[in-house]
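Colleague: Below are the structure tokens for one structure; questions will follow.
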Amino acid sequence: MDTKKRTLVKAIIYRIWILSTTYIMFLITGKSFSDAILPTLGINSFWMIGYIIYERIWQKIKWGKH
């Protein structure tokens, strides 16, 4: 079972990756830096919280563990 700290670190690293790709996608679609940064941060903050909750729920499910 992962510790809460491990889950948080995994979530942060994953969200940095997603944050970067989301930001690049906004830039590719023609948004300026200032137009791209706020929605990128907002969207990814919301999804990071969801990811942490999702990971903690799966830690409690015994199916598939040895």
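Chains: A, B, ... in order of the structure tokens. Residues: from 1 per chain. Ligands: from 1, in order shown.
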Could you give me, as a PyMOL selection string, each residue of chain A that DSSP assigns to helix (DSSP H, G or I) when run on this structure's backbone?

Modeller: chain A and resi 4-28+33-60

Colleague: Using only C-alpha atoms, pick whichever of A:Arg56, A:Phe46, A:Leu41, A:Leu19 has the shortest atom-to-atom distance to Thr3 of chain A.

Modeller: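 Comparing A:Arg56, A:Phe46, A:Leu41, A:Leu19 against Thr3 of chain A, the winner is A:Arg56.
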
Colleague: To one decimal place, how far is atom CA of Ile16 of chain A from atom CA of Ile43 of chain A in Å?

Modeller: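 Value for the atom CA of Ile16 of chain A-atom CA of Ile43 of chain A distance: 12.2 Å.
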
Colleague: Show me, as a PyMOL selection string, the residues that have an atom within 12 Å of Ile18 of chain A when counting only C-alpha atoms, minus same-chain residues fewer than 6 positions from it.

Modeller: chain A and resi 11-12+24-25+40-41+43-45+47-48+51

Colleague: Which one of A:Trp17, A:Lys10, A:Thr22, A:Lys60 sits closest to Ile37 of chain A if you count only C-alpha atoms?

Modeller: A:Thr22

Colleague: Mind pulling up the distance from atom CA of Gly42 of chain A to atom CA of Ile57 of chain A?

Modeller: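 So the two atoms, atom CA of Ile57 of chain A and atom CA of Gly42 of chain A, lie 23.4 Å apart.
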
Colleague: Could you tell me how far atom CA of Ser32 of chain A lies from atom CA of Ser20 of chain A, in Å and to one decimal?

Modeller: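 About the pair atom CA of Ser32 of chain A and atom CA of Ser20 of chain A: they are 14.9 Å apart.
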